[in-house]
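Data from target_16.txt: compact mmCIF, C-alpha atoms and all ligand atoms
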```
# COMPACT_ATOMS: atom_id res chain seq x y z
CA MET A 224 -3.11 -0.30 19.23
CA SER A 225 -3.72 -3.78 17.96
CA GLN A 226 -6.25 -6.27 16.77
CA LYS A 227 -7.83 -5.79 20.20
CA GLU A 228 -9.27 -2.66 18.62
CA CYS A 229 -10.78 -4.53 15.70
CA PRO A 230 -14.40 -3.76 14.88
CA LYS A 231 -16.83 -6.14 16.47
CA GLY A 232 -18.84 -8.78 14.64
CA LYS A 233 -18.97 -8.59 10.89
CA GLU A 234 -18.06 -4.92 10.55
CA ALA A 235 -15.08 -4.31 8.28
CA LEU A 236 -12.00 -2.37 9.37
CA ILE A 237 -12.06 -0.40 6.11
CA SER A 238 -15.01 -0.45 3.78
CA LEU A 239 -15.24 1.13 0.33
CA GLU A 240 -18.80 1.65 -0.87
CA ASN A 241 -19.26 2.56 -4.55
CA VAL A 242 -16.22 4.83 -4.54
CA SER A 243 -15.39 6.90 -7.63
CA LYS A 244 -12.71 9.51 -8.22
CA VAL A 245 -12.35 11.79 -11.21
CA PHE A 246 -9.12 13.54 -12.22
CA GLN A 247 -9.31 16.09 -15.04
CA GLY A 248 -12.55 14.69 -16.37
CA LYS A 249 -11.29 11.07 -16.31
CA LYS A 250 -12.83 8.55 -13.92
CA VAL A 251 -9.69 6.92 -12.51
CA ILE A 252 -11.61 5.02 -9.80
CA ASP A 253 -14.97 3.76 -10.96
CA ASN A 254 -17.62 2.52 -8.53
CA VAL A 255 -15.27 0.38 -6.42
CA SER A 256 -16.57 -1.50 -3.37
CA PHE A 257 -14.72 -3.90 -1.08
CA ASP A 258 -14.10 -4.59 2.61
CA ILE A 259 -10.76 -5.02 4.34
CA HIS A 260 -10.85 -7.21 7.43
CA CYS A 261 -8.93 -6.63 10.59
CA GLY A 262 -5.55 -8.36 10.73
CA GLU A 263 -5.46 -9.48 7.11
CA THR A 264 -2.89 -8.73 4.43
CA PHE A 265 -4.94 -7.33 1.59
CA VAL A 266 -3.17 -6.97 -1.76
CA ILE A 267 -4.34 -4.64 -4.52
CA MET A 268 -2.92 -5.58 -7.92
CA GLY A 269 -3.34 -4.13 -11.37
CA CYS A 270 -1.48 -2.67 -14.33
CA SER A 271 0.41 0.59 -14.22
CA GLY A 272 -2.07 3.46 -14.23
CA SER A 273 -5.00 1.24 -13.14
CA GLY A 274 -5.57 3.37 -10.02
CA LYS A 275 -3.80 1.44 -7.24
CA SER A 276 -1.98 4.39 -5.66
CA THR A 277 -5.12 6.50 -6.01
CA LEU A 278 -7.06 3.86 -4.04
CA LEU A 279 -4.43 4.02 -1.28
CA ARG A 280 -4.61 7.82 -1.19
CA LEU A 281 -8.41 7.59 -0.90
CA MET A 282 -8.18 5.10 1.97
CA THR A 283 -5.69 7.22 3.90
CA GLY A 284 -7.87 10.31 3.48
CA ALA A 285 -5.20 12.12 1.44
CA ILE A 286 -7.85 12.68 -1.24
CA ARG A 287 -11.63 12.55 -1.09
CA PRO A 288 -13.92 10.42 -3.29
CA ASP A 289 -16.22 12.24 -5.72
CA GLU A 290 -18.84 9.55 -5.16
CA GLY A 291 -19.34 6.82 -2.58
CA ARG A 292 -18.11 6.39 0.98
CA ILE A 293 -14.99 5.12 2.72
CA LEU A 294 -15.70 3.81 6.19
CA LEU A 295 -13.04 3.26 8.82
CA ARG A 296 -14.41 1.11 11.66
CA GLY A 297 -17.87 1.99 10.37
CA LYS A 298 -17.31 5.77 10.30
CA ASP A 299 -17.27 7.71 7.03
CA ILE A 300 -13.89 9.44 6.84
CA ALA A 301 -15.46 12.29 4.85
CA THR A 302 -17.48 13.26 7.94
CA MET A 303 -14.47 13.36 10.28
CA THR A 304 -13.20 16.68 11.54
CA ALA A 305 -9.58 17.68 10.90
CA SER A 306 -8.59 16.70 14.43
CA GLU A 307 -10.41 13.34 14.19
CA MET A 308 -8.59 12.72 10.91
CA ASP A 309 -5.25 13.60 12.56
CA GLU A 310 -5.96 11.03 15.28
CA VAL A 311 -6.86 8.44 12.65
CA ARG A 312 -3.68 9.15 10.66
CA LYS A 313 -1.62 8.35 13.76
CA THR A 314 -3.00 4.81 13.53
CA PHE A 315 -1.81 4.54 9.89
CA GLY A 316 1.67 3.78 8.67
CA MET A 317 2.64 4.51 5.10
CA ALA A 318 5.47 2.97 3.11
CA PHE A 319 5.60 4.93 -0.12
CA GLN A 320 6.17 3.82 -3.72
CA TYR A 321 9.74 5.21 -3.94
CA SER A 322 10.69 4.91 -0.23
CA ALA A 323 10.44 8.74 -0.02
CA LEU A 324 13.39 9.17 2.34
CA LEU A 325 14.92 12.59 2.74
CA ASP A 326 18.41 12.32 1.24
CA SER A 327 20.00 14.92 3.48
CA LEU A 328 18.84 13.21 6.69
CA THR A 329 20.40 10.12 8.27
CA ILE A 330 18.44 6.87 8.58
CA GLU A 331 17.80 7.69 12.23
CA GLU A 332 16.53 11.19 11.42
CA ASN A 333 14.26 9.83 8.68
CA VAL A 334 12.65 7.29 11.02
CA ALA A 335 12.32 9.98 13.70
CA LEU A 336 10.19 12.25 11.49
CA PRO A 337 6.72 10.90 12.43
CA LEU A 338 7.72 10.64 16.10
CA LYS A 339 8.80 14.29 16.15
CA GLU A 340 5.73 15.39 14.23
CA HIS A 341 3.09 13.49 16.17
CA THR A 342 4.47 13.01 19.69
CA LYS A 343 6.09 15.06 22.43
CA LEU A 344 8.48 12.28 23.40
CA ALA A 345 11.95 13.22 24.66
CA ASP A 346 14.82 12.77 22.17
CA GLU A 347 16.28 10.01 24.34
CA ILE A 348 13.04 7.97 24.14
CA ILE A 349 12.75 8.63 20.41
CA GLY A 350 16.30 7.30 20.04
CA ILE A 351 15.33 4.08 21.82
CA ILE A 352 12.19 3.65 19.71
CA ILE A 353 14.20 4.17 16.50
CA LYS A 354 16.74 1.52 17.51
CA MET A 355 13.87 -0.90 18.19
CA LYS A 356 12.16 -0.20 14.86
CA LEU A 357 15.42 -0.49 12.91
CA ALA A 358 16.13 -3.80 14.64
CA LEU A 359 12.65 -5.04 13.62
CA VAL A 360 13.46 -4.40 9.94
CA GLY A 361 16.96 -5.88 10.26
CA LEU A 362 18.88 -2.60 10.17
CA ARG A 363 20.44 -2.47 13.60
CA GLY A 364 23.52 -0.26 13.56
CA TYR A 365 22.65 1.76 10.44
CA GLU A 366 21.35 4.80 12.37
CA SER A 367 23.98 7.26 11.13
CA TYR A 368 24.05 6.20 7.46
CA LEU A 369 22.62 8.43 4.75
CA PRO A 370 20.04 6.98 2.31
CA SER A 371 22.63 7.24 -0.49
CA GLN A 372 24.96 4.94 1.47
CA ILE A 373 22.59 1.95 1.58
CA SER A 374 21.00 -0.30 -1.07
CA GLY A 375 17.50 0.04 -2.54
CA GLY A 376 16.23 -2.91 -0.48
CA MET A 377 17.63 -1.34 2.69
CA ARG A 378 16.00 1.99 1.81
CA LYS A 379 12.66 0.19 1.50
CA ARG A 380 13.24 -1.26 4.97
CA VAL A 381 14.01 2.20 6.39
CA GLY A 382 10.68 3.28 4.87
CA PHE A 383 9.01 0.40 6.73
CA ALA A 384 10.73 1.35 10.02
CA ARG A 385 9.37 4.87 9.56
CA ALA A 386 5.91 3.47 8.71
CA ILE A 387 5.79 1.47 11.97
CA ALA A 388 7.35 4.22 14.12
CA LEU A 389 4.04 5.17 15.72
CA ASP A 390 2.86 1.55 16.30
CA PRO A 391 0.15 1.73 13.65
CA ASP A 392 -2.92 -0.51 13.38
CA ILE A 393 -2.84 -0.37 9.60
CA VAL A 394 0.16 -0.11 7.27
CA PHE A 395 -0.22 0.84 3.61
CA TYR A 396 2.60 -0.32 1.34
CA ASP A 397 2.83 1.09 -2.19
CA GLU A 398 4.93 -1.19 -4.46
CA PRO A 399 7.20 -2.41 -1.65
CA THR A 400 9.27 -4.65 -3.94
CA SER A 401 9.51 -2.49 -7.05
CA GLY A 402 13.06 -2.12 -8.35
CA LEU A 403 14.37 -5.03 -6.27
CA ASP A 404 15.74 -8.38 -7.45
CA PRO A 405 13.54 -11.44 -6.70
CA VAL A 406 15.64 -12.55 -3.73
CA VAL A 407 15.63 -9.15 -2.00
CA GLY A 408 11.96 -8.87 -2.99
CA GLY A 409 11.37 -12.18 -1.19
CA VAL A 410 13.12 -10.82 1.91
CA ILE A 411 10.89 -7.73 1.81
CA ASP A 412 7.78 -9.92 1.42
CA LYS A 413 8.82 -12.00 4.42
CA LEU A 414 9.41 -8.83 6.41
CA ILE A 415 5.91 -7.54 5.61
CA LYS A 416 4.45 -10.86 6.77
CA ASP A 417 6.58 -10.88 9.93
CA LEU A 418 5.72 -7.28 10.83
CA SER A 419 2.01 -7.95 10.23
CA ALA A 420 2.09 -11.02 12.51
CA LYS A 421 4.42 -9.75 15.24
CA LEU A 422 2.89 -6.28 15.52
CA MET A 423 -0.68 -7.44 14.75
CA ILE A 424 -0.99 -5.01 11.87
CA THR A 425 -3.53 -4.99 9.06
CA SER A 426 -1.47 -4.61 5.89
CA ILE A 427 -2.70 -3.16 2.62
CA VAL A 428 -0.19 -3.77 -0.13
CA VAL A 429 -0.28 -2.37 -3.65
CA THR A 430 1.84 -4.34 -6.08
CA HIS A 431 2.13 -5.82 -9.54
CA ASP A 432 4.76 -8.29 -8.36
CA MET A 433 3.25 -11.79 -8.64
CA GLN A 434 5.78 -13.21 -6.18
CA SER A 435 4.42 -10.76 -3.57
CA VAL A 436 0.78 -11.30 -4.51
CA PHE A 437 1.00 -15.04 -3.92
CA GLY A 438 3.61 -14.84 -1.18
CA ILE A 439 1.90 -12.54 1.30
CA SER A 440 -1.79 -12.05 0.59
CA ASP A 441 -4.74 -13.29 2.58
CA ARG A 442 -6.97 -11.75 -0.07
CA VAL A 443 -6.34 -10.07 -3.40
CA ALA A 444 -8.24 -7.36 -5.26
CA MET A 445 -7.52 -6.75 -8.92
CA ILE A 446 -8.36 -3.40 -10.46
CA HIS A 447 -8.24 -2.46 -14.11
CA LYS A 448 -8.83 1.04 -15.46
CA GLY A 449 -10.26 2.05 -12.11
CA LYS A 450 -12.80 -0.79 -11.96
CA LEU A 451 -12.73 -3.70 -9.55
CA VAL A 452 -12.25 -6.93 -11.51
CA GLU A 453 -12.26 -9.49 -8.67
CA VAL A 454 -11.63 -9.82 -4.92
CA ASN A 455 -10.69 -13.26 -3.72
CA THR A 456 -8.24 -15.48 -1.86
CA PRO A 457 -4.91 -16.05 -3.67
CA GLU A 458 -5.89 -19.67 -4.40
CA GLU A 459 -9.16 -18.57 -5.99
CA ILE A 460 -7.37 -15.79 -7.91
CA ARG A 461 -4.93 -18.37 -9.30
CA SER A 462 -7.77 -20.51 -10.62
CA SER A 463 -10.01 -17.57 -11.55
CA LYS A 464 -12.01 -17.88 -14.75
CA ASN A 465 -11.83 -14.13 -15.27
CA PRO A 466 -9.73 -13.53 -18.41
CA PHE A 467 -8.43 -10.16 -17.08
CA VAL A 468 -7.11 -11.92 -13.96
CA GLN A 469 -5.57 -14.77 -15.96
CA GLN A 470 -3.84 -12.40 -18.41
CA PHE A 471 -2.48 -10.28 -15.58
CA ILE A 472 -1.15 -13.06 -13.37
CA HIS A 473 0.52 -14.78 -16.31
CA GLY A 474 1.83 -11.56 -17.86
CA GLU A 475 0.41 -12.37 -21.29
CA PRO A 476 1.01 -9.61 -23.88
CA THR A 477 -2.39 -10.14 -25.51
CA GLY A 478 -5.86 -10.59 -24.05
CA PRO A 479 -8.70 -8.47 -22.75
CA ILE A 480 -6.33 -6.06 -20.97
CA ASP A 481 -4.90 -4.95 -24.32
CA LEU A 482 -2.60 -2.39 -22.75
CA PHE A 483 -0.57 -1.74 -25.85
CA LYS A 484 -3.42 -0.69 -28.06
CA GLU A 485 -4.93 1.75 -25.62
CA ASP A 486 -2.08 3.09 -23.56
CA ILE A 487 1.16 2.68 -25.42
CA GLY A 488 0.14 2.58 -29.06
CA ILE A 489 2.79 0.22 -30.39
CA PRO A 490 0.91 -2.96 -31.33
CA GLU A 491 1.85 -2.83 -35.02
CA ALA A 492 5.54 -2.51 -34.24
CA LEU A 493 5.35 -5.62 -32.06
CA GLY A 494 3.08 -7.49 -34.43
CA LEU A 495 0.48 -7.87 -31.69
N1 LIG A 501 -3.29 14.00 -8.97
C1 LIG A 501 -3.63 13.51 -10.17
N2 LIG A 501 -4.06 14.35 -11.15
C2 LIG A 501 -4.44 13.85 -12.37
N3 LIG A 501 -4.42 12.54 -12.69
C3 LIG A 501 -3.99 11.69 -11.76
C4 LIG A 501 -3.58 12.12 -10.46
N4 LIG A 501 -3.21 11.03 -9.73
C5 LIG A 501 -3.38 9.97 -10.55
N5 LIG A 501 -3.85 10.36 -11.76
C6 LIG A 501 -4.18 9.47 -12.89
O1 LIG A 501 -4.96 8.42 -12.38
C7 LIG A 501 -4.65 7.19 -13.00
C8 LIG A 501 -4.28 6.17 -11.96
O2 LIG A 501 -3.04 6.56 -11.35
P1 LIG A 501 -2.37 5.75 -10.17
O3 LIG A 501 -1.15 6.48 -9.78
O4 LIG A 501 -3.40 5.50 -9.13
O5 LIG A 501 -2.01 4.38 -10.90
P2 LIG A 501 -1.19 3.13 -10.34
O6 LIG A 501 -2.08 1.94 -10.55
O7 LIG A 501 -0.71 3.40 -8.97
O8 LIG A 501 0.03 3.06 -11.38
P3 LIG A 501 1.58 2.61 -11.13
O9 LIG A 501 1.56 1.09 -11.09
O10 LIG A 501 2.26 3.09 -12.39
O11 LIG A 501 2.06 3.26 -9.89
C9 LIG A 501 -3.54 7.50 -14.01
O12 LIG A 501 -4.14 7.68 -15.27
C10 LIG A 501 -2.97 8.79 -13.49
O13 LIG A 501 -2.42 9.56 -14.54
MG MG A 502 1.19 3.63 -8.13
```
Full structure transcribed into structure tokens:
Amino acid sequence: MSQKECPKGKEALISLENVSKVFQGKKVIDNVSFDIHCGETFVIMGCSGSGKSTLLRLMTGAIRPDEGRILLRGKDIATMTASEMDEVRKTFGMAFQYSALLDSLTIEENVALPLKEHTKLADEIIGIIIKMKLALVGLRGYESYLPSQISGGMRKRVGFARAIALDPDIVFYDEPTSGLDPVVGGVIDKLIKDLSAKLMITSIVVTHDMQSVFGISDRVAMIHKGKLVEVNTPEEIRSSKNPFVQQFIHGEPTGPIDLFKEDIGIPEALGL
């Protein structure tokens, strides 16, 4: 699996067409359309609760849109059969928001999970693959550690090793640097870039970490309250005239985003 399997011509690898999703009467994704190109690192940024993780779950087929279509290599994932979807999922890697490692399993056993679930490979071969994947994320020799015995940054990397276990075409990262200091965050960003380049992976990264946004993206999409604000290159995002984008990237407490008033309800206390 590689960029050799990229769609031909102008067709996008993943295409969202007017996608909406409603949870409990609330439209959490609202008429969102964008294309993700083969081989790029596409970053989705936005405030907490803006719908970033929901967008990832829609793209991986974990949940279905209420309106619109999600095309993978031109094919609507809603029309795929369960077995077609299983095949597609094998080409996806997922690095979850909180690493999602099983605490009672060793690092090696955690990375082995997708290999045991989706392949019939012998344990000996799985062992070799795990060693290779752990080496790729800089964790050679940590096979027998438990998640509680390694740092948060290392746990993220174990999550990445598990995400690339099946040699995916596309890896989805949900908040890969959350909870990490800026230096370890920078190491994680570099690792995402390296993995994307070395393994020819299309990376879709959800984050609100500006260091990551500008450090790794080929293109950036900002969403706010489920709506797409802008999709652009990082350079164009930096000089965007959109006040939502400017407030977000500079972390200003006041502006059109007005989070406090609507979602937290403490503007008076802060004098905002
Ligand atoms: N399964 C669900 N049932 C009901 N509401 C949901 C569900 N999943 C998400 N939501 C709601 O959808 C909105 C978007 O949630 P989502 O998790 O996508 O945000 P996010 O941008 O990933 O936030 P964060 O940065 O905090 O992770 C929130 O209001 C959330 O409460
Ligand atoms: Mg989230």
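The shortest atom-to-atom distance to ligand LIG 501 (chain A), with only C-alpha atoms and all ligand atoms taken into account, belongs to A:Met445 out of A:Ile439, A:Met445, A:Val452, A:Leu236.
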message = Please report the interatomic distance between CA of Pro405 (chain A) and CA of Met433 (chain A) in Å with one decimal.
response =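 These atoms are spaced 10.5 Å apart.
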Expected answer as a PyMOL selection string: residues within 12 Å of ligand LIG 501 (chain A), all atoms listed in the file = chain A and resi 243-253+267-281+285-287+319-321+396-401+428-432+445-450+485-486
ask   = CA of Thr283 (chain A) and CA of Ser238 (chain A), how far apart in Å?
value =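 Distance between the two atoms: 12.1 Å.
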key: Point-to-point distance from CA of Leu328 (chain A) to CA of Leu369 (chain A), Å rounded to tenths   = 6.4 Å
task = Go ahead and find all residues with at least one atom no further than 8 Å from (-5.7, -8.8, -16.7) in the file's coordinates, using all atoms listed in the file; report them as a list in words.
result =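 Output of the proximity query reads Gly269, Cys270, His447, Pro466, Phe467, Val468, Gln469, Gln470, Phe471, Ile472, Gly478, Pro479 and Ile480 of chain A.
When all atoms listed in the file are used to compute distances to Ser419 (chain A), the closest of the residues A:Leu451, A:Ile300, A:Leu359, A:Ala335 turns out to be A:Leu359.
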message = The residues within 7 Å of (21.1, 11.6, 1.2), using all atoms listed in the file and the coordinates of the file, should be reported as a PyMOL selection string; which are they?
response = chain A and resi 325-328+369-371
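Among the candidate residues A:Phe265, A:Asp404, A:Val242, A:Leu336, the one lying nearest to Pro288 (chain A) is A:Val242, with distances computed using all atoms listed in the file.
Among the candidate residues A:Asp412, A:Asp481, A:Glu240, A:Glu234, the one lying nearest to Asp299 (chain A) is A:Glu240, with distances computed using all atoms listed in the file.
Across A:Leu418, A:Ile460, A:Ala386, A:Val381, the tightest approach to Leu324 (chain A) is made by A:Val381 when counting only C-alpha atoms.
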task = For Val360 (chain A), please output as a list in words all residues within 8 Å (counting all atoms listed in the file; exclusion window: fewer than 3 positions along the same chain).
result =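 Residues meeting the cut-off are Lys356, Leu357, Arg380, Val381, Phe383, Ala384 and Leu414 of chain A.
Shortest separation to Ile330 (chain A) among A:Met303, A:Ile349, A:Ile293, A:Met377 occurs at residue A:Met377, atoms counted being only C-alpha atoms.
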request  = Write out as a ChimeraX atom specification each polymer residue whose atoms come within 10 Å of Arg312 (chain A), counting all atoms listed in the file; drop sequence neighbours fewer than 6 positions from it.
outcome  = /A:283-285,306,341,391,393
Could you dump the residues just selected with C-alpha atoms as a PDB file, keeping the file's coordinate frame?
```pdb
ATOM      1  CA  THR A 283      -5.690   7.220   3.900  1.00  0.00           C
ATOM      2  CA  GLY A 284      -7.870  10.310   3.480  1.00  0.00           C
ATOM      3  CA  ALA A 285      -5.200  12.120   1.440  1.00  0.00           C
ATOM      4  CA  SER A 306      -8.590  16.700  14.430  1.00  0.00           C
ATOM      5  CA  HIS A 341       3.090  13.490  16.170  1.00  0.00           C
ATOM      6  CA  PRO A 391       0.150   1.730  13.650  1.00  0.00           C
ATOM      7  CA  ILE A 393      -2.840  -0.370   9.600  1.00  0.00           C
TER       8      ILE A 393
END
```
